[in-house]
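This is data-v8.tsv. It holds TSV, N, CA and C atoms and all ligand atoms.
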chain	number	residue	atom	x	y	z
A	28	MET	N	0.83	-1.21	0.00
A	28	MET	CA	0.00	0.00	0.00
A	28	MET	C	0.86	1.25	0.00
A	29	LYS	N	1.92	1.22	0.80
A	29	LYS	CA	2.77	2.38	0.89
A	29	LYS	C	3.39	2.68	-0.48
A	30	ASP	N	3.72	1.62	-1.19
A	30	ASP	CA	4.27	1.76	-2.54
A	30	ASP	C	3.30	2.47	-3.46
A	31	THR	N	2.06	2.08	-3.36
A	31	THR	CA	1.04	2.70	-4.20
A	31	THR	C	0.95	4.19	-3.92
A	32	GLU	N	1.01	4.53	-2.65
A	32	GLU	CA	0.91	5.94	-2.30
A	32	GLU	C	2.13	6.74	-2.76
A	33	SER	N	3.30	6.14	-2.65
A	33	SER	CA	4.48	6.89	-3.09
A	33	SER	C	4.47	7.02	-4.61
A	34	LYS	N	3.93	6.03	-5.27
A	34	LYS	CA	3.80	6.09	-6.72
A	34	LYS	C	2.85	7.22	-7.12
A	35	ARG	N	1.79	7.31	-6.36
A	35	ARG	CA	0.81	8.37	-6.59
A	35	ARG	C	1.48	9.74	-6.44
A	36	GLU	N	2.22	9.90	-5.37
A	36	GLU	CA	2.91	11.17	-5.15
A	36	GLU	C	3.92	11.46	-6.26
A	37	ARG	N	4.59	10.42	-6.67
A	37	ARG	CA	5.60	10.58	-7.72
A	37	ARG	C	4.94	10.97	-9.04
A	38	GLU	N	3.85	10.36	-9.33
A	38	GLU	CA	3.15	10.71	-10.57
A	38	GLU	C	2.71	12.17	-10.52
A	39	LYS	N	2.22	12.60	-9.38
A	39	LYS	CA	1.78	13.98	-9.25
A	39	LYS	C	2.95	14.95	-9.44
A	40	LYS	N	4.08	14.61	-8.84
A	40	LYS	CA	5.26	15.47	-8.99
A	40	LYS	C	5.70	15.55	-10.45
A	41	THR	N	5.70	14.40	-11.11
A	41	THR	CA	6.13	14.38	-12.51
A	41	THR	C	5.18	15.19	-13.38
A	42	VAL	N	3.90	15.01	-13.16
A	42	VAL	CA	2.91	15.77	-13.93
A	42	VAL	C	3.10	17.26	-13.71
A	43	GLU	N	3.30	17.61	-12.46
A	43	GLU	CA	3.47	19.03	-12.14
A	43	GLU	C	4.71	19.61	-12.83
A	44	MET	N	5.79	18.84	-12.82
A	44	MET	CA	7.01	19.29	-13.49
A	44	MET	C	6.78	19.48	-14.97
A	45	MET	N	6.09	18.52	-15.57
A	45	MET	CA	5.87	18.59	-17.01
A	45	MET	C	4.97	19.76	-17.38
A	46	ILE	N	3.94	19.98	-16.60
A	46	ILE	CA	3.06	21.13	-16.87
A	46	ILE	C	3.84	22.42	-16.65
A	47	GLY	N	4.65	22.45	-15.61
A	47	GLY	CA	5.44	23.64	-15.32
A	47	GLY	C	6.39	24.00	-16.44
A	48	LEU	N	7.02	22.97	-16.97
A	48	LEU	CA	7.97	23.18	-18.06
A	48	LEU	C	7.23	23.69	-19.31
A	49	TYR	N	6.13	23.06	-19.60
A	49	TYR	CA	5.33	23.45	-20.75
A	49	TYR	C	4.85	24.89	-20.61
A	50	CYS	N	4.37	25.21	-19.44
A	50	CYS	CA	3.81	26.54	-19.21
A	50	CYS	C	4.90	27.62	-19.30
A	51	LYS	N	6.03	27.33	-18.72
A	51	LYS	CA	7.12	28.29	-18.75
A	51	LYS	C	7.52	28.62	-20.18
A	52	LYS	N	7.63	27.57	-21.01
A	52	LYS	CA	8.11	27.76	-22.37
A	52	LYS	C	7.04	28.26	-23.32
A	53	ASN	N	5.81	27.91	-23.04
A	53	ASN	CA	4.74	28.26	-23.98
A	53	ASN	C	3.87	29.43	-23.54
A	54	HIS	N	3.80	29.63	-22.24
A	54	HIS	CA	2.94	30.70	-21.74
A	54	HIS	C	3.72	31.76	-21.00
A	55	GLY	N	5.02	31.59	-20.95
A	55	GLY	CA	5.86	32.61	-20.33
A	55	GLY	C	5.69	32.77	-18.83
A	56	SER	N	5.23	31.74	-18.17
A	56	SER	CA	5.10	31.86	-16.72
A	56	SER	C	6.47	31.73	-16.07
A	57	LEU	N	6.56	32.19	-14.84
A	57	LEU	CA	7.84	32.12	-14.14
A	57	LEU	C	8.06	30.71	-13.62
A	58	LYS	N	9.31	30.40	-13.38
A	58	LYS	CA	9.64	29.09	-12.85
A	58	LYS	C	8.92	28.84	-11.53
A	59	GLY	N	8.35	27.67	-11.40
A	59	GLY	CA	7.63	27.35	-10.18
A	59	GLY	C	6.22	27.91	-10.13
A	60	ASP	N	5.86	28.60	-11.21
A	60	ASP	CA	4.54	29.20	-11.26
A	60	ASP	C	3.79	28.68	-12.48
A	61	LEU	N	2.48	28.70	-12.43
A	61	LEU	CA	1.69	28.27	-13.58
A	61	LEU	C	0.66	29.34	-13.92
A	62	CYS	N	0.36	29.46	-15.21
A	62	CYS	CA	-0.71	30.36	-15.59
A	62	CYS	C	-2.03	29.75	-15.13
A	63	GLU	N	-3.07	30.51	-15.26
A	63	GLU	CA	-4.36	30.06	-14.73
A	63	GLU	C	-4.81	28.75	-15.38
A	64	GLU	N	-4.69	28.71	-16.69
A	64	GLU	CA	-5.13	27.54	-17.44
A	64	GLU	C	-4.35	26.28	-17.02
A	65	CYS	N	-3.03	26.43	-16.93
A	65	CYS	CA	-2.20	25.28	-16.57
A	65	CYS	C	-2.40	24.91	-15.11
A	66	GLY	N	-2.69	25.89	-14.29
A	66	GLY	CA	-2.99	25.61	-12.88
A	66	GLY	C	-4.21	24.72	-12.76
A	67	ARG	N	-5.20	25.02	-13.58
A	67	ARG	CA	-6.41	24.20	-13.58
A	67	ARG	C	-6.13	22.79	-14.07
A	68	LEU	N	-5.30	22.72	-15.10
A	68	LEU	CA	-4.94	21.41	-15.63
A	68	LEU	C	-4.21	20.57	-14.57
A	69	ARG	N	-3.32	21.21	-13.85
A	69	ARG	CA	-2.60	20.50	-12.80
A	69	ARG	C	-3.55	20.03	-11.70
A	70	ASP	N	-4.44	20.92	-11.27
A	70	ASP	CA	-5.39	20.53	-10.23
A	70	ASP	C	-6.23	19.34	-10.68
A	71	TYR	N	-6.60	19.38	-11.94
A	71	TYR	CA	-7.40	18.28	-12.48
A	71	TYR	C	-6.60	16.98	-12.51
A	72	ALA	N	-5.36	17.08	-12.95
A	72	ALA	CA	-4.50	15.90	-13.00
A	72	ALA	C	-4.29	15.32	-11.60
A	73	PHE	N	-4.09	16.19	-10.62
A	73	PHE	CA	-3.92	15.73	-9.24
A	73	PHE	C	-5.16	15.01	-8.75
A	74	GLU	N	-6.28	15.60	-9.07
A	74	GLU	CA	-7.55	15.03	-8.63
A	74	GLU	C	-7.75	13.63	-9.23
A	75	ARG	N	-7.45	13.51	-10.53
A	75	ARG	CA	-7.59	12.21	-11.17
A	75	ARG	C	-6.63	11.20	-10.56
A	76	THR	N	-5.42	11.64	-10.33
A	76	THR	CA	-4.42	10.74	-9.75
A	76	THR	C	-4.84	10.30	-8.35
A	77	ASP	N	-5.36	11.25	-7.58
A	77	ASP	CA	-5.81	10.92	-6.23
A	77	ASP	C	-6.91	9.87	-6.23
A	78	GLN	N	-7.72	9.92	-7.26
A	78	GLN	CA	-8.88	9.03	-7.28
A	78	GLN	C	-8.64	7.77	-8.10
A	79	CYS	N	-7.47	7.65	-8.67
A	79	CYS	CA	-7.23	6.52	-9.55
A	79	CYS	C	-7.19	5.20	-8.78
A	80	PRO	N	-8.04	4.26	-9.17
A	80	PRO	CA	-8.03	2.96	-8.49
A	80	PRO	C	-7.02	1.99	-9.10
A	81	PHE	N	-6.32	2.43	-10.14
A	81	PHE	CA	-5.41	1.52	-10.84
A	81	PHE	C	-3.95	1.82	-10.57
A	82	MET	N	-3.72	2.63	-9.56
A	82	MET	CA	-2.38	3.10	-9.30
A	82	MET	C	-1.35	1.97	-9.21
A	83	GLU	N	-1.79	0.87	-8.65
A	83	GLU	CA	-0.86	-0.22	-8.43
A	83	GLU	C	-0.42	-0.89	-9.72
A	84	SER	N	-1.33	-1.02	-10.66
A	84	SER	CA	-1.00	-1.77	-11.87
A	84	SER	C	-0.54	-0.87	-13.00
A	85	LYS	N	-0.96	0.38	-13.00
A	85	LYS	CA	-0.52	1.24	-14.09
A	85	LYS	C	0.63	2.12	-13.62
A	86	THR	N	1.25	2.82	-14.54
A	86	THR	CA	2.35	3.67	-14.11
A	86	THR	C	2.08	5.14	-14.34
A	87	PHE	N	1.32	5.46	-15.34
A	87	PHE	CA	1.16	6.88	-15.63
A	87	PHE	C	-0.15	7.10	-16.37
A	88	CYS	N	-0.80	8.22	-16.07
A	88	CYS	CA	-2.14	8.46	-16.61
A	88	CYS	C	-2.18	8.45	-18.13
A	89	THR	N	-1.16	9.01	-18.75
A	89	THR	CA	-1.20	9.07	-20.21
A	89	THR	C	-1.04	7.68	-20.83
A	90	ASN	N	-0.63	6.74	-20.02
A	90	ASN	CA	-0.42	5.38	-20.48
A	90	ASN	C	-1.62	4.48	-20.19
A	91	CYS	N	-2.53	5.00	-19.44
A	91	CYS	CA	-3.61	4.18	-18.90
A	91	CYS	C	-4.66	3.89	-19.96
A	92	GLN	N	-5.21	2.71	-19.89
A	92	GLN	CA	-6.23	2.31	-20.87
A	92	GLN	C	-7.62	2.83	-20.50
A	93	VAL	N	-7.75	3.27	-19.28
A	93	VAL	CA	-9.10	3.60	-18.80
A	93	VAL	C	-9.56	4.98	-19.27
A	94	HIS	N	-8.64	5.90	-19.40
A	94	HIS	CA	-8.96	7.26	-19.85
A	94	HIS	C	-10.05	7.92	-19.02
A	95	CYS	N	-9.72	8.17	-17.80
A	95	CYS	CA	-10.70	8.81	-16.93
A	95	CYS	C	-10.68	10.33	-17.10
A	96	TYR	N	-9.73	10.84	-17.86
A	96	TYR	CA	-9.67	12.29	-18.08
A	96	TYR	C	-10.83	12.74	-18.97
A	97	ARG	N	-11.34	13.90	-18.65
A	97	ARG	CA	-12.32	14.51	-19.54
A	97	ARG	C	-11.68	14.74	-20.89
A	98	LYS	N	-12.46	14.61	-21.94
A	98	LYS	CA	-11.87	14.60	-23.28
A	98	LYS	C	-11.00	15.82	-23.59
A	99	ASP	N	-11.50	17.00	-23.30
A	99	ASP	CA	-10.74	18.22	-23.64
A	99	ASP	C	-9.44	18.30	-22.82
A	100	LEU	N	-9.55	17.90	-21.56
A	100	LEU	CA	-8.35	17.97	-20.71
A	100	LEU	C	-7.37	16.86	-21.05
A	101	ARG	N	-7.88	15.76	-21.54
A	101	ARG	CA	-6.98	14.69	-21.95
A	101	ARG	C	-6.14	15.15	-23.13
A	102	GLU	N	-6.79	15.85	-24.06
A	102	GLU	CA	-6.05	16.41	-25.20
A	102	GLU	C	-4.96	17.36	-24.72
A	103	ARG	N	-5.34	18.17	-23.75
A	103	ARG	CA	-4.38	19.17	-23.28
A	103	ARG	C	-3.20	18.51	-22.56
A	104	ILE	N	-3.50	17.53	-21.74
A	104	ILE	CA	-2.41	16.88	-21.01
A	104	ILE	C	-1.50	16.14	-21.99
A	105	ARG	N	-2.08	15.63	-23.05
A	105	ARG	CA	-1.25	14.95	-24.04
A	105	ARG	C	-0.34	15.93	-24.77
A	106	THR	N	-0.86	17.10	-25.05
A	106	THR	CA	-0.03	18.13	-25.66
A	106	THR	C	1.14	18.48	-24.75
A	107	VAL	N	0.84	18.61	-23.47
A	107	VAL	CA	1.88	18.92	-22.49
A	107	VAL	C	2.93	17.81	-22.46
A	108	MET	N	2.46	16.55	-22.45
A	108	MET	CA	3.38	15.41	-22.38
A	108	MET	C	4.26	15.34	-23.62
A	109	ARG	N	3.63	15.58	-24.76
A	109	ARG	CA	4.40	15.54	-26.01
A	109	ARG	C	5.49	16.59	-26.00
A	110	TYR	N	5.17	17.73	-25.45
A	110	TYR	CA	6.15	18.81	-25.42
A	110	TYR	C	7.21	18.54	-24.35
A	111	SER	N	6.75	18.26	-23.15
A	111	SER	CA	7.68	18.19	-22.02
A	111	SER	C	8.38	16.85	-21.90
A	112	GLY	N	7.75	15.80	-22.39
A	112	GLY	CA	8.33	14.47	-22.26
A	112	GLY	C	9.79	14.42	-22.67
A	113	PRO	N	10.10	14.76	-23.93
A	113	PRO	CA	11.49	14.69	-24.38
A	113	PRO	C	12.39	15.70	-23.67
A	114	ARG	N	11.82	16.81	-23.28
A	114	ARG	CA	12.63	17.85	-22.64
A	114	ARG	C	12.94	17.55	-21.19
A	115	MET	N	12.17	16.68	-20.60
A	115	MET	CA	12.41	16.30	-19.21
A	115	MET	C	13.81	15.72	-19.04
A	116	VAL	N	14.29	15.10	-20.09
A	116	VAL	CA	15.62	14.50	-20.03
A	116	VAL	C	16.68	15.57	-19.74
A	117	LEU	N	16.45	16.75	-20.29
A	117	LEU	CA	17.39	17.85	-20.05
A	117	LEU	C	17.21	18.50	-18.69
A	118	TYR	N	15.95	18.68	-18.32
A	118	TYR	CA	15.70	19.46	-17.12
A	118	TYR	C	15.64	18.61	-15.85
A	119	HIS	N	15.11	17.43	-15.98
A	119	HIS	CA	14.97	16.57	-14.80
A	119	HIS	C	15.34	15.14	-15.18
A	120	PRO	N	16.61	14.90	-15.44
A	120	PRO	CA	17.01	13.59	-15.99
A	120	PRO	C	16.62	12.40	-15.13
A	121	VAL	N	16.70	12.54	-13.83
A	121	VAL	CA	16.38	11.40	-12.98
A	121	VAL	C	14.90	11.03	-13.08
A	122	VAL	N	14.08	12.07	-13.00
A	122	VAL	CA	12.64	11.84	-13.11
A	122	VAL	C	12.29	11.28	-14.48
A	123	ALA	N	12.91	11.86	-15.50
A	123	ALA	CA	12.62	11.43	-16.86
A	123	ALA	C	13.02	9.98	-17.08
A	124	PHE	N	14.16	9.64	-16.56
A	124	PHE	CA	14.65	8.28	-16.73
A	124	PHE	C	13.73	7.27	-16.05
A	125	ARG	N	13.34	7.59	-14.84
A	125	ARG	CA	12.47	6.69	-14.10
A	125	ARG	C	11.12	6.55	-14.82
A	126	HIS	N	10.65	7.69	-15.29
A	126	HIS	CA	9.37	7.68	-15.99
A	126	HIS	C	9.45	6.84	-17.26
A	127	LEU	N	10.54	7.00	-17.96
A	127	LEU	CA	10.75	6.23	-19.18
A	127	LEU	C	10.76	4.74	-18.89
A	128	MET	N	11.47	4.37	-17.85
A	128	MET	CA	11.57	2.96	-17.49
A	128	MET	C	10.21	2.40	-17.09
A	129	GLU	N	9.48	3.17	-16.32
A	129	GLU	CA	8.18	2.68	-15.86
A	129	GLU	C	7.21	2.57	-17.02
A	130	THR	N	7.28	3.55	-17.91
A	130	THR	CA	6.41	3.53	-19.07
A	130	THR	C	6.71	2.33	-19.95
A	131	LYS	N	8.00	2.12	-20.15
A	131	LYS	CA	8.42	1.02	-20.99
A	131	LYS	C	8.00	-0.32	-20.41
A	132	ARG	N	8.19	-0.44	-19.11
A	132	ARG	CA	7.86	-1.69	-18.45
A	132	ARG	C	6.36	-1.95	-18.55
A	133	GLU	N	5.60	-0.89	-18.41
A	133	GLU	CA	4.16	-1.08	-18.50
A	133	GLU	C	3.74	-1.50	-19.90
A	134	ARG	N	4.32	-0.88	-20.90
A	134	ARG	CA	3.95	-1.21	-22.26
A	134	ARG	C	4.29	-2.65	-22.59
A	135	LYS	N	5.42	-3.07	-22.12
A	135	LYS	CA	5.85	-4.43	-22.45
A	135	LYS	C	5.28	-5.47	-21.51
A	136	GLY	N	5.11	-5.05	-20.28
A	136	GLY	CA	4.63	-5.98	-19.29
A	136	GLY	C	5.74	-6.86	-18.76
A	137	LEU	N	6.89	-6.74	-19.33
A	137	LEU	CA	8.03	-7.55	-18.91
A	137	LEU	C	9.29	-6.70	-18.91
A	138	GLU	N	10.22	-7.07	-18.11
A	138	GLU	CA	11.49	-6.37	-18.15
A	138	GLU	C	12.38	-6.99	-19.21
A	139	SER	N	13.05	-6.15	-19.94
A	139	SER	CA	13.91	-6.65	-20.99
A	139	SER	C	15.37	-6.63	-20.55
A	140	GLY	N	16.19	-7.28	-21.30
A	140	GLY	CA	17.61	-7.31	-20.98
A	140	GLY	C	18.23	-5.93	-21.07
A	141	LYS	N	17.71	-5.14	-22.01
A	141	LYS	CA	18.24	-3.80	-22.19
A	141	LYS	C	17.97	-2.94	-20.96
A	142	GLU	N	16.80	-3.12	-20.43
A	142	GLU	CA	16.46	-2.36	-19.24
A	142	GLU	C	17.38	-2.72	-18.09
A	143	ARG	N	17.67	-3.99	-17.98
A	143	ARG	CA	18.55	-4.43	-16.92
A	143	ARG	C	19.94	-3.80	-17.09
A	144	MET	N	20.37	-3.73	-18.34
A	144	MET	CA	21.65	-3.12	-18.63
A	144	MET	C	21.65	-1.66	-18.19
A	145	LEU	N	20.57	-0.95	-18.52
A	145	LEU	CA	20.46	0.45	-18.14
A	145	LEU	C	20.42	0.61	-16.63
A	146	GLN	N	19.81	-0.33	-15.97
A	146	GLN	CA	19.77	-0.28	-14.51
A	146	GLN	C	21.17	-0.33	-13.94
A	147	ASN	N	22.03	-1.11	-14.59
A	147	ASN	CA	23.39	-1.20	-14.11
A	147	ASN	C	24.16	0.09	-14.34
A	148	VAL	N	23.87	0.74	-15.46
A	148	VAL	CA	24.54	2.00	-15.75
A	148	VAL	C	24.11	3.08	-14.77
A	149	PHE	N	22.80	3.14	-14.55
A	149	PHE	CA	22.28	4.14	-13.62
A	149	PHE	C	22.00	3.46	-12.28
A	150	THR	N	23.02	3.26	-11.53
A	150	THR	CA	22.75	2.60	-10.24
A	150	THR	C	22.02	3.54	-9.31
A	151	THR	N	22.70	4.28	-8.48
A	151	THR	CA	22.03	5.25	-7.64
A	151	THR	C	21.98	6.59	-8.34
A	152	PRO	N	21.14	7.54	-8.04
A	152	PRO	CA	20.09	7.43	-7.02
A	152	PRO	C	18.76	6.94	-7.58
A	153	VAL	N	18.76	6.44	-8.80
A	153	VAL	CA	17.49	6.00	-9.37
A	153	VAL	C	17.11	4.65	-8.79
A	154	LYS	N	16.01	4.63	-8.10
A	154	LYS	CA	15.55	3.37	-7.55
A	154	LYS	C	14.43	2.85	-8.45
A	155	ILE	N	14.66	1.68	-8.97
A	155	ILE	CA	13.62	1.10	-9.81
A	155	ILE	C	12.99	-0.05	-9.07
A	156	ASP	N	11.73	0.13	-8.76
A	156	ASP	CA	11.09	-0.98	-8.06
A	156	ASP	C	10.43	-1.88	-9.10
A	157	ARG	N	10.78	-3.11	-9.06
A	157	ARG	CA	10.19	-4.01	-10.02
A	157	ARG	C	9.09	-4.83	-9.38
A	158	PRO	N	8.15	-5.21	-10.22
A	158	PRO	CA	7.05	-5.99	-9.68
A	158	PRO	C	7.54	-7.32	-9.14
A	159	SER	N	6.98	-7.74	-8.06
A	159	SER	CA	7.43	-9.00	-7.48
A	159	SER	C	7.01	-10.16	-8.37
A	160	GLY	N	7.71	-11.23	-8.27
A	160	GLY	CA	7.35	-12.41	-9.05
A	160	GLY	C	8.10	-12.50	-10.36
A	161	ILE	N	8.84	-11.44	-10.71
A	161	ILE	CA	9.64	-11.52	-11.92
A	161	ILE	C	11.07	-11.87	-11.54
A	162	ASP	N	11.48	-12.97	-12.04
A	162	ASP	CA	12.79	-13.47	-11.67
A	162	ASP	C	13.85	-12.90	-12.57
A	163	LEU	N	14.80	-12.20	-11.95
A	163	LEU	CA	15.89	-11.66	-12.77
A	163	LEU	C	17.07	-12.58	-12.64
A	201	ZN	ZN	0.34	27.85	-18.88

Let me see the file written as structure tokens.
Ligand SMILES: [Zn+2]
Amino acid sequence: MKDTESKREREKKTVEMMIGLYCKKNHGSLKGDLCEECGRLRDYAFERTDQCPFMESKTFCTNCQVHCYRKDLRERIRTVMRYSGPRMVLYHPVVAFRHLMETKRERKGLESGKERMLQNVFTTPVKIDRPSGIDL
């Protein structure tokens, strides 16, 4: 349970970072600040994450099959992700790397040898929690 909650918090932090980056570059907001529109989007994303019953099995809202986001806001969050996703590597490499790994693992459902290799390259401070029952 504790894992689920920390995952929830982590997802919220990542979403906030991505929206922040998008807003700063596209709407000229100051660092750490969001324009009104993006503030609403963040609040909405937080709310969805807080209420998500699939936190344990999924890794990220944009990856989720359930699509609980309202249609217009889903489009907007996707725009943000498309913009900020690749740029996260520059601004927040640790978060980006972890997110990439989690996303990849979810898509495949299995850990690959390549991922294991990357885990060795990035030892600390990136902690990758793998699902139990998978024998490495
Ligand atoms: Zn904005």

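For the choices A:Cys79, A:Val93, A:Cys62, A:Leu48, the atom-to-atom distance to ligand ZN 201 (chain A) is smallest for A:Cys62 when using all atoms listed in the file.
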
Given all atoms listed in the file, how would the per-residue table for chain A near ligand ZN 201 (chain A) read, listing every residue at most 8 Å away with its closest atom pair and distance in Å to one decimal, sorted by chain and number, as a Markdown table?
| residue | atom | partner | partner_atom | distance |
| --- | --- | --- | --- | --- |
| A:Ile46 | C | A:ZN201 | ZN | 6.8 |
| A:Gly47 | CA | A:ZN201 | ZN | 7.5 |
| A:Tyr49 | C | A:ZN201 | ZN | 5.7 |
| A:Cys50 | CA | A:ZN201 | ZN | 3.7 |
| A:Lys51 | N | A:ZN201 | ZN | 5.7 |
| A:Lys52 | N | A:ZN201 | ZN | 7.6 |
| A:Asn53 | C | A:ZN201 | ZN | 6.1 |
| A:His54 | CA | A:ZN201 | ZN | 4.8 |
| A:Gly55 | N | A:ZN201 | ZN | 6.3 |
| A:Ser56 | N | A:ZN201 | ZN | 6.3 |
| A:Asp60 | C | A:ZN201 | ZN | 7.3 |
| A:Leu61 | C | A:ZN201 | ZN | 5.2 |
| A:Cys62 | N | A:ZN201 | ZN | 4.0 |
| A:Glu63 | N | A:ZN201 | ZN | 5.6 |
| A:Glu64 | C | A:ZN201 | ZN | 5.3 |
| A:Cys65 | N | A:ZN201 | ZN | 4.1 |
| A:Gly66 | N | A:ZN201 | ZN | 5.8 |

TODO: Measure the distance from CA of Phe81 (chain A) to CA of Arg132 (chain A) in Å and round it to one decimal.
DONE: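 If I compute the distance from CA of Phe81 (chain A) to CA of Arg132 (chain A), I get 15.6 Å.
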
- [ ] Would you work out the distance separating atom C of Tyr110 (chain A) from atom C of Met45 (chain A), expressed in Å to one decimal?
- [x] 7.4 Å

Task: Spatial neighbours of Arg97 (chain A), 12 Å, only C-alpha atoms, chain gap at least 4 places, as an MDAnalysis selection string - done: chainID A and resid 68 71:72 74:75 93 101:105

TODO: Could you check how far CA of Val121 (chain A) sits from CA of Arg134 (chain A), in Å to one decimal?
DONE: 20.0 Å

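Distance check against Val42 (chain A) using only N, CA and C atoms: of A:Phe73, A:Lys131, A:Met82, A:Arg114, the minimum falls on A:Phe73.
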
Open item on the list: For Glu133 (chain A), find every residue with an atom within 8 Å (counting only N, CA and C atoms), except residues of its own chain fewer than 6 positions away, and show them as a list in words.
Closed with: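 The residues that qualify are Ser84, Lys85, Thr86, Phe87 and Leu127 of chain A.
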